[in-house]
$ cat final-v2.txt   # compact mmCIF, C-alpha atoms
# COMPACT_ATOMS: atom_id res chain seq x y z
CA MET A 10 120.86 107.91 99.78
CA TRP A 11 123.78 109.39 97.93
CA GLN A 12 126.08 111.63 99.95
CA HIS A 13 127.95 113.80 97.53
CA ALA A 14 130.73 114.49 99.98
CA SER A 15 131.70 110.82 99.93
CA LEU A 16 132.06 110.96 96.15
CA TYR A 17 134.58 113.82 96.09
CA PRO A 18 137.60 111.55 96.74
CA LEU A 19 136.50 109.32 93.88
CA ARG A 20 136.22 112.32 91.57
CA GLU A 21 139.64 113.51 92.62
CA THR A 22 141.11 110.10 91.98
CA HIS A 23 139.35 109.09 88.78
CA GLY A 24 138.07 112.37 87.36
CA ARG A 25 134.68 112.62 85.69
CA CYS A 26 133.30 109.11 85.68
CA TYR A 27 130.30 107.06 86.72
CA VAL A 28 129.97 105.09 89.96
CA THR A 29 127.73 102.25 91.01
CA ARG A 30 127.23 101.92 94.72
CA PHE A 31 126.32 98.75 96.57
CA ASP A 32 125.23 99.85 100.03
CA ASN A 33 124.87 96.34 101.40
CA ASP A 34 128.52 95.62 100.70
CA ASN A 35 129.72 99.16 101.33
CA LEU A 36 131.27 99.04 97.89
CA THR A 37 131.51 101.80 95.24
CA VAL A 38 132.66 100.82 91.75
CA PRO A 39 133.93 103.66 89.54
CA TRP A 40 133.75 103.02 85.80
CA ARG A 41 133.78 104.71 82.41
CA PRO A 42 131.43 104.09 79.51
CA LEU A 43 132.56 102.16 76.42
CA SER A 44 133.67 104.10 73.40
CA LEU A 45 131.48 103.87 70.32
CA GLN A 46 133.80 101.37 68.65
CA GLU A 47 134.01 99.22 71.78
CA TYR A 48 130.22 99.31 72.08
CA LEU A 49 129.76 98.20 68.48
CA ASN A 50 132.32 95.41 68.88
CA TYR A 51 130.73 94.01 72.02
CA ASN A 52 127.28 94.36 70.52
CA ASP A 53 128.47 92.27 67.61
CA ASP A 54 130.02 89.67 69.95
CA THR A 55 126.81 89.44 71.97
CA GLN A 56 124.66 88.94 68.93
CA ARG A 57 126.96 86.30 67.49
CA GLY A 58 126.81 84.37 70.78
CA PHE A 59 130.23 82.89 70.24
CA PHE A 60 131.40 83.77 73.72
CA PRO A 61 129.36 83.22 76.89
CA ALA A 62 127.77 86.42 78.08
CA ALA A 63 129.41 86.12 81.51
CA HIS A 64 132.89 86.11 79.97
CA LEU A 65 132.08 89.19 77.90
CA GLU A 66 130.83 90.84 81.08
CA ASP A 67 134.14 90.15 82.80
CA GLU A 68 136.01 91.57 79.86
CA ILE A 69 133.92 94.75 79.83
CA PHE A 70 134.31 95.09 83.58
CA ARG A 71 138.11 94.80 83.36
CA ARG A 72 138.17 97.33 80.53
CA CYS A 73 135.88 99.94 82.08
CA CYS A 74 136.40 99.66 85.82
CA LEU A 75 138.71 102.45 86.97
CA ASP A 76 139.70 100.82 90.26
CA GLU A 77 142.54 98.38 89.68
CA THR A 78 142.05 96.89 93.13
CA LEU A 79 138.54 95.81 92.29
CA VAL A 80 139.67 94.36 88.97
CA ASN A 81 142.30 92.27 90.77
CA GLN A 82 139.70 91.13 93.31
CA LEU A 83 137.25 90.09 90.63
CA PRO A 84 137.38 86.35 91.52
CA HIS A 85 136.41 87.21 95.08
CA LEU A 86 133.55 89.57 94.24
CA LYS A 87 129.94 88.51 94.40
CA ALA A 88 128.73 87.18 91.09
CA GLY A 89 126.12 89.89 90.59
CA ILE A 90 128.38 92.87 91.15
CA VAL A 91 130.12 92.45 87.82
CA SER A 92 126.88 91.72 85.96
CA THR A 93 125.13 94.72 87.52
CA VAL A 94 127.96 97.13 86.80
CA VAL A 95 128.26 95.92 83.22
CA GLN A 96 124.50 96.38 82.79
CA CYS A 97 124.95 100.01 83.82
CA ILE A 98 127.94 100.43 81.50
CA TRP A 99 125.93 99.02 78.62
CA GLN A 100 122.97 101.31 79.24
CA VAL A 101 125.16 104.41 79.26
CA SER A 102 127.39 103.42 76.36
CA GLY A 103 124.77 103.01 73.70
CA PRO A 104 121.07 103.09 72.91
CA VAL A 105 118.86 100.43 74.39
CA ASN A 106 116.35 100.70 71.55
CA ALA A 107 115.23 103.14 68.85
CA GLU A 108 112.93 104.99 71.25
CA SER A 109 115.68 105.55 73.82
CA LEU A 110 118.02 106.71 71.03
CA SER A 111 115.42 109.26 69.94
CA ASN A 112 114.92 110.46 73.50
CA ASP A 113 118.67 110.69 74.12
CA LEU A 114 119.22 112.69 70.93
CA GLU A 115 116.39 115.07 71.80
CA PHE A 116 117.86 115.55 75.26
CA VAL A 117 121.23 116.50 73.80
CA ARG A 118 119.58 118.82 71.27
CA GLN A 119 118.00 120.72 74.13
CA LYS A 120 121.30 120.69 75.97
CA ILE A 121 123.28 122.41 73.19
CA LEU A 122 120.42 124.85 72.68
CA SER A 123 120.52 125.86 76.31
CA PRO A 124 120.60 129.69 76.50
CA ASP A 125 123.72 129.61 78.67
CA THR A 126 125.92 127.56 76.38
CA GLN A 127 124.31 127.60 72.96
CA ILE A 128 126.53 130.41 71.69
CA LEU A 129 129.68 128.60 72.83
CA HIS A 130 128.72 125.52 70.82
CA GLN A 131 128.19 127.84 67.85
CA PHE A 132 131.67 129.23 68.37
CA VAL A 133 133.08 125.71 68.17
CA GLN A 134 131.16 125.10 64.98
CA LEU A 135 132.40 128.37 63.47
CA ILE A 136 136.04 127.70 64.32
CA THR A 137 135.97 124.17 62.90
CA MET A 138 134.43 125.56 59.70
CA ALA A 139 137.18 128.13 59.25
CA PHE A 140 140.24 126.25 60.51
CA PRO A 141 141.33 122.60 60.54
CA TYR A 142 140.60 122.18 64.23
CA LYS A 143 138.83 119.14 65.56
CA PRO A 144 135.94 119.86 67.93
CA GLU A 145 137.82 118.19 70.80
CA GLU A 146 140.73 120.58 70.26
CA VAL A 147 138.44 123.60 70.34
CA TYR A 148 136.73 122.37 73.52
CA ALA A 149 140.17 122.03 75.06
CA MET A 150 140.94 125.76 74.48
CA ASP A 151 140.71 128.32 77.23
CA TYR A 152 138.15 131.11 77.01
CA GLU A 153 140.49 133.83 75.75
CA THR A 154 141.87 131.66 72.96
CA LEU A 155 138.35 130.61 72.06
CA LEU A 156 137.25 134.23 71.60
CA ILE A 157 140.30 135.08 69.51
CA ARG A 158 139.76 132.08 67.26
CA THR A 159 136.07 132.89 66.99
CA ALA A 160 136.78 136.44 65.83
CA GLN A 161 139.37 135.18 63.35
CA ALA A 162 137.03 132.51 62.03
CA GLU A 163 134.21 135.01 61.70
CA ARG A 164 136.40 137.39 59.70
CA LYS A 165 137.71 134.65 57.45
CA LEU A 166 134.26 133.26 56.73
CA LEU A 167 132.90 136.76 56.00
CA GLU A 168 135.72 137.37 53.51
CA MET A 169 135.08 134.00 51.92
CA LYS A 170 131.37 134.83 51.95
CA ALA A 171 130.66 131.55 53.66
CA ILE A 172 128.55 133.56 56.09
CA ASP A 173 126.61 136.71 55.31
CA THR A 174 126.54 138.46 58.66
CA PRO A 175 128.69 138.39 61.79
CA LEU A 176 127.51 136.44 64.82
CA GLN A 177 124.84 138.20 66.80
CA ILE A 178 125.06 137.57 70.51
CA LEU A 179 122.32 139.99 71.50
CA LYS A 180 119.17 139.82 69.43
CA PRO A 181 118.06 143.23 68.01
CA GLU A 182 114.91 144.64 69.50
CA GLU A 183 111.93 143.62 67.47
CA PRO A 184 109.74 146.52 66.26
CA LYS A 185 106.61 146.89 68.26
CA LYS A 186 103.71 145.34 66.48
CA LYS A 187 101.05 147.79 65.36
CA LEU A 188 97.78 147.04 67.05
CA SER A 189 94.53 146.90 65.15
CA PRO A 190 92.22 149.93 65.60
CA VAL A 191 89.95 147.90 67.86
CA LYS A 192 92.82 146.74 70.05
CA GLU A 193 94.23 150.23 70.06
CA ARG A 194 90.95 151.65 71.34
CA ILE A 195 90.71 148.92 73.92
CA LYS A 196 94.20 149.66 75.04
CA GLN A 197 93.43 153.34 75.38
CA ARG A 198 90.21 152.58 77.16
CA LEU A 199 91.96 150.43 79.72
CA ASP A 200 94.58 153.02 80.45
CA ALA A 201 92.62 154.36 83.38
CA LYS A 202 95.48 156.28 84.85
CA ARG A 203 96.06 158.17 81.68
CA LEU A 204 92.38 158.92 81.36
CA TRP A 205 92.24 160.21 84.92
CA GLU A 206 95.17 162.52 84.32
CA GLN A 207 93.59 163.83 81.17
CA GLN A 208 90.39 164.48 83.01
CA GLN A 209 92.23 166.29 85.76
CA LYS A 210 93.71 168.64 83.20
CA THR A 211 90.37 169.41 81.57
CA LYS A 212 88.36 169.44 84.78
CA PRO A 213 86.18 172.55 84.95
CA GLN A 214 87.03 174.93 87.70
CA ALA A 215 84.77 175.15 90.72
CA PRO A 216 82.32 178.04 90.60
CA GLN A 217 83.35 181.08 92.52
CA GLU A 218 81.04 182.24 95.19
CA SER A 219 78.91 185.04 93.85
CA ALA A 220 78.54 188.24 95.77
CA PRO A 221 75.57 188.46 98.15
CA GLY A 222 72.47 189.49 96.32
CA GLN A 223 73.72 188.15 93.06
CA GLN A 224 72.54 184.72 92.00
CA ASP A 225 73.87 184.47 88.52
CA LYS A 226 73.93 181.10 86.83
CA TRP A 227 77.44 179.67 86.62
CA TRP A 228 76.55 176.98 84.09
CA ASN A 229 75.58 177.51 80.55
CA ILE A 230 72.32 175.95 79.53
CA SER A 231 71.37 175.28 76.02
CA PRO A 232 68.50 177.52 74.90
CA ALA A 233 66.52 174.37 73.98
CA LEU A 234 66.54 173.23 77.59
CA GLU A 235 65.53 176.59 79.02
CA VAL A 236 61.96 176.34 80.36
CA LYS A 237 59.89 179.35 81.17
CA ASP A 238 57.84 179.55 84.36
CA GLU A 239 54.51 179.46 82.63
CA GLN A 240 55.57 176.34 80.80
CA ARG A 241 56.48 174.33 83.86
CA PHE A 242 54.07 171.45 84.71
CA ASP A 243 52.33 171.84 88.10
CA TYR A 244 52.41 168.34 89.51
CA ALA A 245 50.70 169.30 92.77
CA ARG A 246 47.73 170.85 91.07
CA ASP A 247 47.35 167.88 88.75
CA PHE A 248 47.37 165.37 91.59
CA ALA A 249 44.69 167.24 93.50
CA ARG A 250 42.55 167.37 90.40
CA GLN A 251 42.87 163.63 89.97
CA GLN A 252 41.88 162.99 93.58
CA GLU A 253 38.66 164.93 93.20
CA LYS A 254 37.84 163.08 90.06
CA SER A 255 38.31 159.67 91.60
CA VAL A 256 36.01 160.41 94.55
CA ASP A 257 33.24 161.66 92.29
CA ASP A 258 33.48 158.64 90.06
CA ASP A 259 33.39 156.23 92.97
CA THR A 260 36.57 154.74 91.54
CA ASN A 261 38.07 154.11 94.93
CA VAL A 262 35.07 152.16 96.26
CA ARG A 263 35.01 149.94 93.19
CA GLY A 264 38.74 149.37 93.50
CA GLU A 265 38.46 148.42 97.14
CA LYS A 266 35.74 145.87 96.47
CA GLN A 267 37.78 144.33 93.70
CA MET A 268 40.71 144.01 96.07
CA VAL A 269 38.60 142.16 98.64
CA ASP A 270 37.17 139.80 96.02
CA ASP A 271 40.67 139.01 94.79
CA ALA A 272 41.88 138.29 98.31
CA LEU A 273 38.95 135.96 99.00
CA TRP A 274 39.81 133.99 95.91
CA ILE A 275 43.54 133.79 96.61
CA TYR A 276 43.23 132.90 100.33
CA GLU A 277 40.07 130.73 99.98
CA ASP A 278 41.70 127.60 101.43
CA LEU A 279 43.19 129.47 104.38
CA ILE A 280 39.90 131.17 105.25
CA LYS A 281 38.05 127.82 105.09
CA GLY A 282 40.63 126.22 107.39
CA ILE A 283 40.29 129.01 109.94
CA ALA A 284 36.48 128.78 109.85
CA GLN A 285 36.58 125.01 110.41
CA LYS A 286 38.85 125.41 113.42
CA LYS A 287 36.43 127.93 114.91
CA THR A 288 33.46 125.56 114.44
CA LYS A 289 35.35 122.60 116.04
CA LYS A 290 36.09 124.71 119.09
CA MET B 4 100.71 110.07 129.32
CA SER B 5 101.24 106.54 127.99
CA GLU B 6 104.74 105.19 128.01
CA VAL B 7 106.03 103.73 124.81
CA SER B 8 108.34 100.80 125.33
CA GLN B 9 111.24 100.69 122.96
CA GLU B 10 112.99 97.43 122.21
CA GLN B 11 116.73 97.62 122.05
CA PRO B 12 117.93 96.63 118.59
CA GLN B 13 119.63 93.27 118.63
CA THR B 14 123.29 93.21 117.75
CA THR B 15 124.57 90.86 115.10
CA GLU B 16 126.30 88.77 117.71
CA ALA B 17 123.16 88.49 119.77
CA LYS B 18 121.21 87.40 116.69
CA GLN B 19 123.88 84.88 115.80
CA LYS B 20 123.90 83.50 119.33
CA GLN B 21 120.13 83.24 119.19
CA LEU B 22 120.38 81.34 115.91
CA VAL B 23 123.04 78.98 117.18
CA ASP B 24 120.95 78.24 120.25
CA TYR B 25 118.00 77.49 118.02
CA LEU B 26 120.00 75.25 115.69
CA LYS B 27 121.69 73.19 118.38
CA ASP B 28 118.60 70.98 118.60
CA PHE B 29 119.27 69.80 115.06
CA ALA B 30 121.74 67.08 114.19
CA SER B 31 125.23 68.30 113.18
CA ALA B 32 124.17 71.92 113.55
CA PRO B 33 126.92 74.51 112.95
CA THR B 34 128.56 76.03 115.98
CA HIS B 35 129.36 79.65 116.53
CA GLU B 36 133.00 79.04 115.60
CA GLN B 37 132.05 77.27 112.39
CA ILE B 38 129.81 80.14 111.35
CA GLU B 39 132.67 82.56 111.99
CA GLN B 40 134.96 80.41 109.88
CA TRP B 41 132.44 80.43 107.05
CA LYS B 42 132.34 84.20 107.23
CA VAL B 43 136.10 84.37 106.88
CA SER B 44 136.07 81.99 103.91
CA HIS B 45 133.00 83.15 102.03
CA GLY B 46 132.14 86.59 103.36
CA GLU B 47 128.51 86.95 104.36
CA VAL B 48 126.51 83.96 105.64
CA PHE B 49 122.72 83.86 105.43
CA VAL B 50 119.99 81.67 106.92
CA SER B 51 116.53 80.99 105.51
CA GLY B 52 113.76 79.12 107.29
CA PHE B 53 110.87 77.70 105.28
CA SER B 54 109.38 76.17 108.42
CA GLU B 55 110.42 75.37 111.98
CA THR B 56 112.14 72.23 110.79
CA GLU B 57 113.36 73.21 107.33
CA ILE B 58 116.25 75.64 107.72
CA TYR B 59 119.08 76.40 105.30
CA VAL B 60 122.35 78.21 105.94
CA TRP B 61 123.94 79.48 102.73
CA ARG B 62 126.29 82.03 101.20
CA ALA B 63 126.33 84.28 98.15
CA LEU B 64 127.51 83.02 94.75
CA LYS B 65 130.99 84.05 93.65
CA ARG B 66 131.95 85.26 90.19
CA PRO B 67 134.10 82.24 89.15
CA GLU B 68 131.21 79.93 90.10
CA TRP B 69 128.86 81.96 87.94
CA LEU B 70 131.29 81.66 85.03
CA GLU B 71 131.54 77.93 85.60
CA LEU B 72 127.76 77.66 85.49
CA GLN B 73 127.66 79.43 82.12
CA THR B 74 129.99 76.85 80.63
CA LEU B 75 127.85 73.94 81.83
CA GLN B 76 124.84 75.01 79.74
CA LEU B 77 122.24 73.57 82.09
CA ASP B 78 118.53 74.14 81.79
CA GLN B 79 116.77 76.46 84.22
CA ALA B 80 115.77 73.84 86.80
CA MET B 81 119.18 72.17 86.79
CA ALA B 82 120.92 75.53 87.03
CA GLU B 83 118.82 76.48 90.08
CA GLU B 84 119.68 73.23 91.80
CA TRP B 85 123.36 73.62 90.90
CA ILE B 86 123.47 77.08 92.47
CA CYS B 87 121.71 75.91 95.62
CA ASN B 88 124.08 73.00 96.01
CA LYS B 89 127.07 75.25 95.43
CA CYS B 90 126.06 77.90 97.96
CA LEU B 91 124.53 75.70 100.63
CA LEU B 92 126.57 75.49 103.85
CA TRP B 93 124.16 73.55 106.07
CA LYS B 94 120.57 72.33 106.04
CA SER B 95 118.36 70.96 108.78
CA VAL B 96 116.58 68.37 106.60
CA SER B 97 118.24 65.22 105.32
CA VAL B 98 116.44 65.03 101.99
CA ALA B 99 118.24 66.15 98.86
CA PHE B 100 117.02 69.09 96.82
CA ALA B 101 115.70 66.72 94.18
CA GLN B 102 113.30 65.24 96.77
CA SER B 103 112.42 68.51 98.49
CA LYS B 104 109.23 70.54 98.01
CA ALA B 105 108.81 71.94 94.53
CA GLY B 106 109.35 75.58 95.41
CA THR B 107 112.22 75.19 97.83
CA VAL B 108 114.98 75.17 95.21
CA SER B 109 113.50 78.00 93.13
CA THR B 110 112.90 80.19 96.15
CA LEU B 111 116.31 79.52 97.63
CA HIS B 112 117.88 80.16 94.21
CA GLU B 113 116.15 83.57 94.03
CA MET B 114 117.37 84.49 97.49
CA ILE B 115 120.93 83.50 96.61
CA LEU B 116 120.92 85.57 93.42
CA GLN B 117 119.47 88.57 95.20
CA GLN B 118 122.13 88.45 97.90
CA SER B 119 124.74 87.97 95.18
CA ASN B 120 123.79 91.44 93.86
CA PHE B 121 121.98 90.36 90.73
CA MET B 122 119.26 92.91 89.91
CA ALA B 123 117.10 94.23 87.07
CA PRO B 124 118.64 96.91 84.78
CA ASN B 125 116.24 99.62 85.92
CA VAL B 126 117.09 98.92 89.56
CA ALA B 127 120.79 98.87 88.73
CA MET B 128 120.59 102.32 87.10
CA MET B 129 119.21 103.72 90.35
CA LEU B 130 122.54 102.89 91.96
CA VAL B 131 124.51 104.90 89.40
CA ALA B 132 125.76 108.44 89.83
CA LYS B 133 127.78 110.54 87.45
CA LEU B 134 130.67 112.39 89.05
$ encode --input "final-v2.txt" --output "structure tokens"
Amino acid sequence: MWQHASLYPLRETHGRCYVTRFDNDNLTVPWRPLSLQEYLNYNDDTQRGFFPAAHLEDEIFRRCCLDETLVNQLPHLKAGIVSTVVQCIWQVSGPVNAESLSNDLEFVRQKILSPDTQILHQFVQLITMAFPYKPEEVYAMDYETLLIRTAQAERKLLEMKAIDTPLQILKPEEPKKKLSPVKERIKQRLDAKRLWEQQQKTKPQAPQESAPGQQDKWWNISPALEVKDEQRFDYARDFARQQEKSVDDDTNVRGEKQMVDDALWIYEDLIKGIAQKKTKK
Amino acid sequence: MSEVSQEQPQTTEAKQKQLVDYLKDFASAPTHEQIEQWKVSHGEVFVSGFSETEIYVWRALKRPEWLELQTLQLDQAMAEEWICNKCLLWKSVSVAFAQSKAGTVSTLHEMILQQSNFMAPNVAMMLVAKL
């Protein structure tokens, strides 16, 4: 497991670099990647096959290893240490295949588009457009100088009409999209709190207690719903009339007989079973 | 409550003493002093036992030896035997590698390369950190 605290001295000594750690040998090898030209040269040498691969590995190790002590001890190192370190150097210095190149490029695209640093990369681009700076020189500037150069570059490019508008750090607020009538109604319908408050404002007042003896109506009824006493249906009288009629017509007796017949048909099996049990006993 | 017995881990010296005691039954077996001398000369010393009677004491391959091998342009089988002969310090059997069991040389060769820190690229990248 890597312990970052143990790597601090290496970083102090060698700066930003890569390290390969061999725990079994308690050995940490600091190294740098090959430059693009070096990578292309060694790639060419490897493909030609003129030199043995092991000799090229030694050469790359001597070139990229940042610890002079290890380079001097190369004849005494285990054979695989150099090969393993050079494998790592090779993987970091160039693409392994077309797919890895595509993945690496996509990774860097996302990196420069990171919200935290995207604008700073744009500043570098702007300054190199306006002035004969190399990107490395711009990246070497301090923050204050960078801002001054950015403002100067922006002004120059606006005057030259190379750009139409100044840089926008903060995006303007986008106008709220107008909702369709259906969505607008839905939105209003779901605003329960607002509806409740509206209702509270238009809530009818509670009726005041009327004076004793007075029983005035406190609601207003539509004249169409007003029913006079003589028009009201007497449910009690109608029920009694129906009862008398059913007794005279012997409707109840017929209904009761029908109910018994139905039950005998439905529970026929059960009744037979009970009767058989009684006979067995 | 059951008691769990814990074995004390053996020290390197204890293991070495145990090995030397085991090897002394073999003819011309290395002594403790000779093993220590090998360590001074070659660094780490390893032992591999294919059976109770077939035991090899060997060391890791050095870089100049690997370079020498590349210049010889041997085929795979010959290269394996060359490495085993180069790294072998002592063996318990008297037969040469050419007359040994078929897998002895290949297996011993793999063990030597592994202890010499040869590894696959994907494994190697796991050992890398960017400062």
$ closest_residue --input "final-v2.txt" --among "A:Val80, A:Leu166, A:Val269, A:Leu45" --to "chain B" --atoms "all atoms listed in the file"
A:Val80
$ atom_distance --input "final-v2.txt" --atom1 "atom CA of Phe140 of chain A" --atom2 "atom CA of Arg158 of chain A"
8.9 Å
$ residues_around --input "final-v2.txt" --residues "segment 30-42 of chain B" --least-positions-apart "6" --cutoff "10 Å" --atoms "all atoms listed in the file" --output "PyMOL selection string"
chain B and resi 16+19-20+22-24+48-49+60-62+92-97
$ atom_distance --input "final-v2.txt" --atom1 "atom CA of Leu135 of chain A" --atom2 "atom CA of Ala162 of chain A"
6.4 Å
$ interface_residues --input "final-v2.txt" --of "chain B" --to "chain A" --cutoff "10 Å" --atoms "all atoms listed in the file" --output "PyMOL selection string"
chain B and resi 45-47+63-74+76+116-134
$ closest_residue --input "final-v2.txt" --among "A:Asp173, A:Glu47, A:Glu206, A:Asp278" --to "Gly103 of chain A" --atoms "all atoms listed in the file"
A:Glu47
$ atom_distance --input "final-v2.txt" --atom1 "atom CA of Arg164 of chain A" --atom2 "atom CA of Pro141 of chain A"
15.6 Å
